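Below: target.cif (mmCIF, C-alpha atoms and all ligand atoms)
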data_model
loop_
_atom_site.label_atom_id
_atom_site.label_comp_id
_atom_site.auth_asym_id
_atom_site.auth_seq_id
_atom_site.Cartn_x
_atom_site.Cartn_y
_atom_site.Cartn_z
CA MET T 82 78.78 110.97 118.15
CA ARG T 83 76.15 108.26 118.50
CA VAL T 84 77.29 104.99 117.02
CA ASP T 85 74.80 103.77 114.41
CA PRO T 86 73.32 100.48 115.79
CA SER T 87 72.59 99.31 112.22
CA THR T 88 76.32 99.20 111.46
CA HIS T 89 77.83 98.81 114.97
CA PRO T 90 76.32 96.38 117.48
CA THR T 91 75.36 98.02 120.77
CA VAL T 92 74.22 96.70 124.16
CA GLY T 93 70.47 96.17 124.20
CA THR T 94 70.27 95.64 120.42
CA ALA T 95 72.88 92.86 120.05
CA PRO T 96 73.13 89.66 122.13
CA ASP T 97 75.48 88.95 125.04
CA GLY T 98 78.82 87.72 123.68
CA THR T 99 78.64 89.63 120.38
CA VAL T 100 82.13 89.82 118.90
CA LEU T 101 82.85 93.53 118.40
CA THR T 102 86.18 93.26 116.69
CA SER T 103 87.16 91.82 113.32
CA ALA T 104 87.81 88.21 114.25
CA PRO T 105 90.55 86.54 112.18
CA GLN T 106 89.17 85.05 108.96
CA ASP T 107 90.18 82.19 106.70
CA THR T 108 91.71 84.59 104.15
CA ALA T 109 95.17 84.91 102.60
CA VAL T 110 95.87 88.27 104.28
CA ASP T 111 94.94 86.93 107.72
CA HIS T 112 97.08 83.82 107.13
CA ALA T 113 100.05 85.94 106.01
CA THR T 114 99.70 88.30 108.98
CA ALA T 115 99.45 85.41 111.44
CA ALA T 116 102.65 83.99 109.92
CA ALA T 117 104.41 87.38 110.33
CA ARG T 118 103.29 87.51 113.97
CA ARG T 119 104.72 84.03 114.44
CA VAL T 120 108.03 85.18 112.89
CA VAL T 121 108.26 88.16 115.29
CA ASP T 122 107.72 85.83 118.25
CA ALA T 123 110.10 83.15 116.93
CA LEU T 124 112.87 85.73 116.27
CA LEU T 125 112.83 86.60 119.96
CA ARG T 126 112.88 82.95 121.02
CA THR T 127 115.35 81.44 118.59
CA ASP T 128 118.96 80.49 119.37
CA ARG T 129 121.04 83.62 118.61
CA THR T 130 124.06 81.67 117.32
CA ASN T 131 122.73 78.54 115.61
CA ALA T 132 119.62 79.64 113.71
CA ASN T 133 121.41 80.83 110.53
CA LEU T 134 120.03 84.34 110.98
CA GLU T 135 121.89 85.75 107.93
CA ARG T 136 119.83 83.48 105.68
CA VAL T 137 116.68 84.33 107.66
CA ALA T 138 117.38 88.05 107.09
CA GLU T 139 117.80 87.47 103.33
CA GLU T 140 114.54 85.54 103.05
CA LEU T 141 112.58 88.04 105.12
CA ASN T 142 113.97 90.96 103.07
CA SER T 143 112.93 89.17 99.91
CA ILE T 144 109.38 88.80 101.26
CA ALA T 145 109.34 92.50 102.26
CA GLU T 146 110.49 93.50 98.74
CA HIS T 147 107.70 91.44 97.18
CA LEU T 148 105.07 93.10 99.43
CA GLU T 149 106.48 96.61 98.77
CA GLU T 150 106.42 96.02 95.00
CA HIS T 151 102.68 95.37 95.30
CA ALA T 152 101.89 98.29 97.63
CA PRO T 153 99.72 101.12 96.24
CA ALA T 154 100.35 104.77 97.24
CA VAL T 155 99.76 105.45 100.96
CA ALA T 156 96.82 107.80 100.28
CA GLU T 157 95.11 105.17 98.16
CA ARG T 158 95.72 102.45 100.75
CA LEU T 159 94.31 104.66 103.56
CA VAL T 160 91.06 105.17 101.64
CA ASP T 161 90.80 101.42 101.15
CA MET T 162 91.53 100.72 104.84
CA TRP T 163 88.78 103.04 106.05
CA ALA T 164 86.13 101.99 103.55
CA GLY T 165 83.25 99.77 104.59
CA GLU T 166 81.59 99.30 107.94
CA GLY T 167 84.45 100.82 109.94
CA VAL T 168 85.26 98.08 112.43
CA THR T 169 88.97 98.10 111.91
CA ARG T 170 90.93 95.13 110.59
CA HIS T 171 94.23 97.00 110.77
CA ASP T 172 94.54 98.61 114.22
CA PRO T 173 97.51 97.66 116.45
CA VAL T 174 95.35 95.99 119.13
CA THR T 175 92.58 93.96 117.47
CA GLY T 176 93.51 94.07 113.79
CA PRO T 177 93.86 90.60 112.25
CA GLU T 178 95.69 92.34 109.36
CA ASN T 179 98.22 93.99 111.72
CA ALA T 180 101.10 91.74 112.78
CA ILE T 181 101.80 94.02 115.76
CA ALA T 182 98.35 93.29 117.25
CA PRO T 183 98.17 90.25 119.63
CA PRO T 184 95.27 90.42 118.27
CA LEU T 185 92.56 90.94 120.87
CA VAL T 186 89.06 89.60 120.17
CA VAL T 187 86.58 91.72 122.16
CA GLU T 188 83.06 90.63 123.13
CA GLY T 189 80.17 92.76 124.34
CA ARG T 190 78.38 91.68 127.54
CA GLU T 191 74.73 92.32 128.33
CA ASP T 192 75.73 94.23 131.51
CA GLY T 193 77.27 96.88 129.21
CA SER T 194 80.90 95.85 129.63
CA VAL T 195 83.26 94.48 127.01
CA GLN T 196 85.74 91.71 127.61
CA SER T 197 88.73 90.07 125.97
CA VAL T 198 90.94 87.17 127.03
CA VAL T 199 94.49 87.19 125.72
CA THR T 200 97.82 85.54 126.46
CA LEU T 201 100.75 87.90 125.81
CA THR T 202 104.15 86.57 124.75
CA MET T 203 107.78 87.76 124.27
CA PRO T 204 107.15 90.64 121.81
CA TYR T 205 105.15 92.46 124.51
CA GLN T 206 107.69 92.03 127.32
CA GLY T 207 108.72 94.88 129.64
CA PRO T 208 110.06 93.67 133.01
CA PRO T 209 111.42 90.09 132.90
CA GLY T 210 108.54 87.69 132.12
CA HIS T 211 105.96 90.47 132.30
CA ALA T 212 104.10 92.80 129.94
CA HIS T 213 105.46 96.23 129.04
CA GLY T 214 103.43 98.96 130.76
CA GLY T 215 102.98 100.84 127.50
CA VAL T 216 101.53 97.72 125.91
CA SER T 217 99.01 97.36 128.76
CA ALA T 218 98.03 101.02 128.29
CA LEU T 219 97.69 100.51 124.52
CA LEU T 220 95.48 97.44 124.90
CA LEU T 221 93.24 99.11 127.49
CA ASP T 222 92.98 102.41 125.57
CA HIS T 223 91.68 100.54 122.56
CA LEU T 224 89.44 98.21 124.57
CA LEU T 225 87.83 101.26 126.19
CA GLY T 226 87.18 102.66 122.71
CA VAL T 227 85.36 99.44 121.90
CA ALA T 228 83.44 99.69 125.24
CA ASN T 229 82.27 103.16 124.17
CA ALA T 230 81.06 101.79 120.83
CA TRP T 231 79.18 98.94 122.62
CA ALA T 232 77.51 101.64 124.76
CA GLY T 233 76.58 103.55 121.61
CA ARG T 234 79.19 106.33 121.76
CA SER T 235 82.57 107.11 120.25
CA GLY T 236 85.34 109.56 120.99
CA ALA T 237 89.04 110.32 121.01
CA THR T 238 91.08 109.62 124.13
CA ALA T 239 91.69 112.95 125.93
CA GLN T 240 93.13 111.41 129.12
CA LEU T 241 94.21 107.93 130.09
CA ASN T 242 95.11 107.49 133.75
CA VAL T 243 96.91 104.17 134.23
CA ARG T 244 97.56 102.53 137.58
CA TYR T 245 99.97 99.61 137.62
CA HIS T 246 99.04 97.52 140.67
CA ARG T 247 101.37 94.60 140.08
CA PRO T 248 103.41 93.21 137.19
CA THR T 249 101.27 91.72 134.40
CA PRO T 250 102.45 88.18 133.59
CA LEU T 251 103.22 86.93 130.08
CA PHE T 252 102.35 83.36 129.00
CA GLU T 253 99.08 83.08 130.94
CA PRO T 254 95.52 84.11 130.10
CA LEU T 255 94.63 87.68 131.05
CA THR T 256 91.12 89.10 131.10
CA LEU T 257 90.68 92.69 129.95
CA THR T 258 87.41 94.41 130.83
CA GLY T 259 86.09 97.88 130.01
CA ARG T 260 82.89 99.84 130.43
CA LEU T 261 81.49 103.30 129.86
CA VAL T 262 80.54 104.67 133.30
CA ALA T 263 79.42 108.27 132.71
CA GLN T 264 78.60 110.77 129.97
CA ASP T 265 78.32 114.55 130.14
CA GLY T 266 77.63 116.05 126.72
CA ARG T 267 80.68 115.31 124.58
CA LYS T 268 82.66 113.94 127.55
CA ILE T 269 82.68 110.19 128.10
CA ASN T 270 84.22 108.45 131.14
CA THR T 271 85.30 104.87 130.68
CA ILE T 272 87.13 102.47 132.99
CA GLY T 273 88.88 99.16 132.58
CA ASP T 274 91.34 96.68 133.98
CA ILE T 275 93.57 93.70 133.28
CA ARG T 276 93.27 90.69 135.59
CA THR T 277 94.93 87.32 135.87
CA ALA T 278 92.78 84.15 135.81
CA ASP T 279 92.35 84.22 139.62
CA GLY T 280 90.90 87.74 139.42
CA THR T 281 93.98 89.64 140.61
CA VAL T 282 94.03 93.17 139.15
CA CYS T 283 97.37 94.00 137.50
CA VAL T 284 96.46 97.26 135.74
CA SER T 285 93.45 99.56 135.99
CA VAL T 286 92.60 102.63 133.92
CA GLU T 287 90.24 105.59 134.05
CA ALA T 288 89.86 107.51 130.83
CA LEU T 289 88.19 110.59 129.45
CA PHE T 290 87.09 110.42 125.84
CA VAL T 291 85.79 113.45 123.96
CA ASP T 292 83.27 112.90 121.23
CA LYS T 293 84.88 114.13 118.03
CA THR T 294 84.53 112.78 114.53
CA VAL T 295 87.80 112.34 112.68
CA PRO T 296 86.99 112.32 108.96
CA ARG T 297 87.75 109.14 107.05
CA PRO T 298 90.30 109.41 104.24
CA ARG T 299 88.63 109.61 100.80
C1 LIG M 301 88.08 107.00 117.41
C2 LIG M 301 86.72 106.49 117.04
C3 LIG M 301 86.67 105.79 115.71
C4 LIG M 301 85.24 105.74 115.10
C5 LIG M 301 84.36 104.83 115.92
C6 LIG M 301 83.14 104.38 115.26
C7 LIG M 301 82.60 103.20 115.68
C8 LIG M 301 83.29 102.43 116.73
C9 LIG M 301 83.44 101.01 116.44
C10 LIG M 301 84.52 100.38 116.90
C11 LIG M 301 85.51 101.25 117.56
C12 LIG M 301 86.52 100.53 118.16
C13 LIG M 301 87.51 101.10 118.69
C14 LIG M 301 87.83 102.53 118.74
C15 LIG M 301 89.11 102.40 119.24
C16 LIG M 301 89.86 103.04 120.02
C17 LIG M 301 89.88 104.36 120.43
C18 LIG M 301 91.25 104.85 120.05
C19 LIG M 301 91.50 106.05 120.81
C20 LIG M 301 92.62 106.78 120.26
O1 LIG M 301 93.70 106.30 120.07
S1 LIG M 301 92.36 108.42 119.91
C21 LIG M 301 94.01 109.03 119.61
C22 LIG M 301 94.59 109.72 120.81
N1 LIG M 301 93.87 110.90 121.12
C23 LIG M 301 94.02 112.03 120.41
O2 LIG M 301 94.79 112.11 119.50
C24 LIG M 301 93.19 113.21 120.88
C25 LIG M 301 93.88 114.51 120.52
N2 LIG M 301 93.13 115.59 121.10
C26 LIG M 301 92.06 116.14 120.46
O3 LIG M 301 91.75 115.83 119.33
C27 LIG M 301 91.30 117.15 121.24
O4 LIG M 301 92.08 117.75 122.22
C28 LIG M 301 90.02 116.55 121.90
C29 LIG M 301 89.13 115.92 120.82
C30 LIG M 301 90.39 115.49 122.95
C31 LIG M 301 89.24 117.66 122.59
O5 LIG M 301 89.24 118.81 121.75
P1 LIG M 301 87.90 119.54 121.29
O6 LIG M 301 88.31 120.85 120.71
O7 LIG M 301 87.08 118.67 120.44
O8 LIG M 301 87.08 119.73 122.61
P2 LIG M 301 87.16 120.89 123.69
O9 LIG M 301 88.54 121.35 123.92
O10 LIG M 301 86.12 121.90 123.31
O11 LIG M 301 86.69 120.12 125.01
C32 LIG M 301 85.38 119.62 125.19
C33 LIG M 301 85.24 119.32 126.66
O12 LIG M 301 86.20 118.32 127.05
C34 LIG M 301 87.13 118.81 128.01
N3 LIG M 301 88.47 118.30 127.70
C35 LIG M 301 89.02 118.19 126.48
N4 LIG M 301 90.23 117.64 126.56
C36 LIG M 301 90.43 117.39 127.87
C37 LIG M 301 91.49 116.80 128.58
N5 LIG M 301 92.58 116.34 127.95
N6 LIG M 301 91.36 116.67 129.91
C38 LIG M 301 90.25 117.10 130.55
N7 LIG M 301 89.22 117.65 129.92
C39 LIG M 301 89.30 117.80 128.59
C40 LIG M 301 87.05 120.33 127.87
O13 LIG M 301 87.43 120.95 129.07
C41 LIG M 301 85.59 120.52 127.54
O14 LIG M 301 84.81 120.38 128.73
P3 LIG M 301 83.56 121.33 129.03
O15 LIG M 301 82.63 121.18 127.87
O16 LIG M 301 83.01 120.83 130.32
O17 LIG M 301 84.12 122.70 129.13
#
Reformat the file's structure so that it appears as structure tokens.
Ligand SMILES: CCCCC/C=C\C/C=C\C/C=C\C/C=C\CCCC(=O)SCCNC(=O)CCNC(=O)[C@H](O)C(C)(C)COP(=O)(O)OP(=O)(O)OC[C@H]1O[C@@H](n2cnc3c(N)ncnc32)[C@H](O)[C@@H]1OP(=O)(O)O
Amino acid sequence: MRVDPSTHPTVGTAPDGTVLTSAPQDTAVDHATAAARRVVDALLRTDRTNANLERVAEELNSIAEHLEEHAPAVAERLVDMWAGEGVTRHDPVTGPENAIAPPLVVEGREDGSVQSVVTLTMPYQGPPGHAHGGVSALLLDHLLGVANAWAGRSGATAQLNVRYHRPTPLFEPLTLTGRLVAQDGRKINTIGDIRTADGTVCVSVEALFVDKTVPRPR
């Protein structure tokens, strides 16, 4: 599928540095989600014995009950989520409305690549002080999807080959880069990596995407 340049910015039609993801906005839902993200991080950092966690559990459950009371049926919510221009606000990588997302903000570059700088913290930990390998794969899989869109294509991941070169540190800025490198009919090859600030490659990926339209819920 060709991405429609009138609804999705693509290289050559949009300027260098175009933000391709839904950047966090000054809205109640983005504020609430950022607070939830902060809670997840703080729960991992807080003193296990002195933080009055029974009371914390009660308060958090009361918030969850309030949100559930106001939740429409799943089918209805899915239609709502997928309405509009289609750049997702709810995905687990870039979604400002998803507390699981770091969230990544991805920019398109005029050389055809996309880039995002992120600092990962405790919730994404695998080996001590370092990112979980599955998290790195998740972030790159999604970033490559955005790279395809910037290059004017879209597809589902058919293969994701991940090479872990060295542990990926938490608590310091990481640069994620992706680019579409080849196309053959419906098959799209896209590569990417995660580097530390000094340019050291921690993780690199090569992926095959296959152009296939998944219908939006309606
Ligand atoms: C997802 C896009 C959303 C819409 C985008 C619109 C705008 C974009 C704007 C912003 C977007 C931002 C981000 C997008 C974000 C991220 C991307 C998320 C990616 C995912 O999170 S996505 C979920 C995980 N992903 C799946 O859930 C796939 C499950 N799977 C299938 O749905 C099928 O399996 C499929 C479709 C892969 C293929 O099925 P199919 O029937 O359509 O195609 P078919 O089998 O005919 O293959 C055709 C040719 O590809 C070769 N081929 C196929 N599969 C291969 C493989 N694995 N290895 C090697 N070669 C393979 C064949 O060998 C043949 O090659 P040849 O033509 O040369 O013979």
Coordinates-based distance that separates CA of Val291 (chain T) from atom C33 of ligand LIG 301 (chain M) (Å, one decimal): 6.5 Å
Could you name the residues that touch Pro105 (chain T) at 10 Å or less, counting only C-alpha atoms, but leaving out those on the same chain fewer than 6 positions away, as a tab-separated table (two decimals) with C-alpha atoms, keeping the file's coordinate frame?
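Output below, filename around-v1.tsv:
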chain	number	residue	atom	x	y	z
T	111	ASP	CA	94.94	86.93	107.72
T	112	HIS	CA	97.08	83.82	107.13
T	114	THR	CA	99.70	88.30	108.98
T	115	ALA	CA	99.45	85.41	111.44
T	170	ARG	CA	90.93	95.13	110.59
T	175	THR	CA	92.58	93.96	117.47
T	176	GLY	CA	93.51	94.07	113.79
T	177	PRO	CA	93.86	90.60	112.25
T	178	GLU	CA	95.69	92.34	109.36
T	184	PRO	CA	95.27	90.42	118.27
T	185	LEU	CA	92.56	90.94	120.87
T	186	VAL	CA	89.06	89.60	120.17
Close residues to ligand LIG 301 (chain M) using all atoms listed in the file, limit 8 Å, as a PyMOL selection string: chain T and resi 84-85+89+101-102+167-169+222-231+234-240+265-268+289-295
Residue with smallest distance to Tyr205 (chain T) - pool T:Asp107, T:Glu287, T:Asp97, T:Asp122, counting only C-alpha atoms: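 Looking only at the distances to Tyr205 (chain T), the closest residue turns out to be T:Asp122.
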Residue contacts of Ile275 (chain T) (6 Å, only C-alpha atoms) excluding same-chain residues fewer than 4 positions away, as a VMD selection string: chain T and resid 256 to 257 282 to 284
Distance criterion (all atoms listed in the file): nearest to Arg247 (chain T) out of T:Asp274, T:Glu140, T:Asp161, T:Glu149: T:Asp274
Distance in Å - CA of Asp279 (chain T) versus CA of Thr249 (chain T):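 Spanning CA of Asp279 (chain T) to CA of Thr249 (chain T) is a straight-line distance of 12.8 Å.
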